[in-house]
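*Asks:* So that we are looking at the same thing, I have put the structure below in structure tokens.
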Amino acid sequence: MNFHTKGVVLRTVKYGETSVIVSIFTELFGMQSYIVNGVRSSSKKAGTKSNLFQPTALLDLVVYHNEQKYLQRFKEHRWAVLYVHLFFDVFKGAVATYVVELLQKCLKQPEPNPELFYFMEDALLHLDKASPKMVANYPLFFSLHLANFFGFRLVDEYDETHSILDLQEGMFLNQHPAHTFYLEGFNSEVIATLLRVMQPEELNQVHLPVSTRRYLLQQLELYYALHVSDFGQLRSMAVLQEVLG
């Protein structure tokens, strides 16, 4: 049976002489793997086809879907959106790579989650047109709000008496926890500020030192590792820190 769905490419690996296996987070079916034949030959046409499967690409798809199979197939595939900057801007590209890797590490089952898909689609579209200040703050903003979809969102109850952020419990406390996974002072205040940012354009008003952004990104990686099984480390983090440094 054929289904029409949108999808964002998460990862592409070579398969055989001319094929690829593409991991795509779809609107209808969640994360799925598709085998695509004939996109890696030396012909000009094949080269154009392979461009469709760059990580972060937003695609419009007609797919054959069989829940009993691990590898699915396309009937049709085309661009859903042609980015203006994302594939050509080093800074935006590094952030987009981070965004996609973080999502992929959190997705454990091929479950439908349309709301998460729309959030991801919207995040990439905003990133494509973002100002330099927005781009610099975007990884922090995205990381904080992505957690809402996986059941470990940070509870924004920051005030003068509850100013210590417990990363293990995901809440602001009025005293230090028994463990070492917490933020305090200016760092916890920044997290509270970013939790209150609802639209990416508001990031233009958030002025942070480079050292603070770097440190908080490391702490949010730790936060995800505390809450997502087998999270490991983000390979994109080093590049992101270097580019936005």
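Chain labels run A, B, ... following the order of the structure tokens; each chain numbers its residues from 1, and ligands are numbered from 1 in the order shown.
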Excluding range 98-111 of chain A and residues on its chain fewer than 6 positions from it, collect all residues at most 6 Å away from it, counting only C-alpha atoms, and give them as a list of chain:residue names.
*Replies:*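 Returned residues: A:Leu10, A:Gly30, A:Met31, A:Ser236.
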*Asks:* Next, dump the selected residues to file, keeping only C-alpha atoms, as an mmCIF file, in the first residue's frame.
*Replies:*
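Final file, result.cif:
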data_model
loop_
_atom_site.group_PDB
_atom_site.id
_atom_site.type_symbol
_atom_site.label_atom_id
_atom_site.label_comp_id
_atom_site.auth_asym_id
_atom_site.auth_seq_id
_atom_site.Cartn_x
_atom_site.Cartn_y
_atom_site.Cartn_z
ATOM 1 C CA LEU A 10 18.916 11.616 9.393
ATOM 2 C CA GLY A 30 8.485 7.839 12.720
ATOM 3 C CA MET A 31 12.027 6.691 12.008
ATOM 4 C CA SER A 236 28.990 16.602 15.957
#
*Asks:* Just list the residues in range 102-202 of chain A DSSP gives alpha helix (DSSP H) on the backbone, as a VMD selection string.
*Replies:* chain A and resid 102 to 106 114 to 128 132 to 146 185 to 195
*Asks:* Only C-alpha atoms, please: the residues just picked out, written as an mmCIF file, in the first residue's frame.
*Replies:*
data_model
loop_
_atom_site.group_PDB
_atom_site.id
_atom_site.type_symbol
_atom_site.label_atom_id
_atom_site.label_comp_id
_atom_site.auth_asym_id
_atom_site.auth_seq_id
_atom_site.Cartn_x
_atom_site.Cartn_y
_atom_site.Cartn_z
ATOM 1 C CA LEU A 102 20.667 14.686 18.740
ATOM 2 C CA LEU A 103 17.259 13.678 17.420
ATOM 3 C CA GLN A 104 18.587 10.390 16.052
ATOM 4 C CA LYS A 105 20.166 9.446 19.383
ATOM 5 C CA CYS A 106 16.835 9.962 21.131
ATOM 6 C CA PRO A 114 3.744 13.698 14.067
ATOM 7 C CA GLU A 115 4.127 16.489 16.626
ATOM 8 C CA LEU A 116 7.832 15.757 16.953
ATOM 9 C CA PHE A 117 8.151 15.709 13.167
ATOM 10 C CA TYR A 118 6.484 19.130 12.871
ATOM 11 C CA PHE A 119 8.766 20.484 15.589
ATOM 12 C CA MET A 120 11.811 19.161 13.710
ATOM 13 C CA GLU A 121 10.600 20.498 10.366
ATOM 14 C CA ASP A 122 9.930 23.914 11.887
ATOM 15 C CA ALA A 123 13.323 23.924 13.619
ATOM 16 C CA LEU A 124 15.189 23.318 10.356
ATOM 17 C CA LEU A 125 13.185 25.915 8.444
ATOM 18 C CA HIS A 126 13.838 28.540 11.120
ATOM 19 C CA LEU A 127 17.526 27.639 11.159
ATOM 20 C CA ASP A 128 17.751 28.088 7.386
ATOM 21 C CA PRO A 132 24.032 34.892 13.078
ATOM 22 C CA LYS A 133 22.964 35.583 16.698
ATOM 23 C CA MET A 134 20.120 33.077 16.396
ATOM 24 C CA VAL A 135 22.458 30.466 14.922
ATOM 25 C CA ALA A 136 24.897 30.830 17.817
ATOM 26 C CA ASN A 137 22.155 30.231 20.408
ATOM 27 C CA TYR A 138 20.195 27.688 18.379
ATOM 28 C CA PRO A 139 21.815 24.450 19.652
ATOM 29 C CA LEU A 140 20.987 25.371 23.257
ATOM 30 C CA PHE A 141 17.428 26.358 22.372
ATOM 31 C CA PHE A 142 16.813 23.205 20.345
ATOM 32 C CA SER A 143 18.338 20.889 22.956
ATOM 33 C CA LEU A 144 16.152 22.276 25.724
ATOM 34 C CA HIS A 145 12.915 22.061 23.769
ATOM 35 C CA LEU A 146 13.565 18.658 22.134
ATOM 36 C CA GLY A 185 24.551 30.957 39.335
ATOM 37 C CA PHE A 186 24.699 32.551 35.900
ATOM 38 C CA ASN A 187 24.589 29.171 34.116
ATOM 39 C CA SER A 188 21.277 28.095 35.632
ATOM 40 C CA GLU A 189 19.847 31.579 35.007
ATOM 41 C CA VAL A 190 20.748 31.276 31.300
ATOM 42 C CA ILE A 191 18.976 27.919 31.062
ATOM 43 C CA ALA A 192 15.877 29.446 32.675
ATOM 44 C CA THR A 193 15.981 32.302 30.156
ATOM 45 C CA LEU A 194 16.242 29.910 27.218
ATOM 46 C CA LEU A 195 13.382 27.761 28.532
#
*Asks:* For Phe74 in chain A, work out the shell of residues within 7 Å, counting only C-alpha atoms and skipping chain neighbours fewer than 3 positions away, then give it as a list in words.
*Replies:* Val62, Val63, Tyr64 and His77 of chain A
*Asks:* Please, what distance in Å, to one decimal, runs between CA of Leu173 in chain A and CA of Asn148 in chain A?
*Replies:*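 The value is 19.5 Å.
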*Asks:* List every residue of range 80-201 of chain A that DSSP, applied to the backbone of this structure, places in strand (DSSP E or B), and write the result as a ChimeraX atom specification.
*Replies:* /A:155,164-166,171-173,182-183
*Asks:* With distances taken over only C-alpha atoms, which residue among A:Val39, A:Ala57, A:Leu244, A:Ala238 lies nearest Ser211 in chain A?
*Replies:* A:Leu244
*Asks:* Between A:Ser131, A:Thr5, A:Phe150, A:Leu220, which has the minimum distance to Asp166 in chain A (counting only C-alpha atoms)?
*Replies:*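 Smallest distance to Asp166 in chain A is found for A:Leu220.
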*Asks:* So how far away is CA of Gln241 in chain A from CA of Met171 in chain A, in Å?
*Replies:*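 CA of Met171 in chain A sits 26.1 Å away from CA of Gln241 in chain A.
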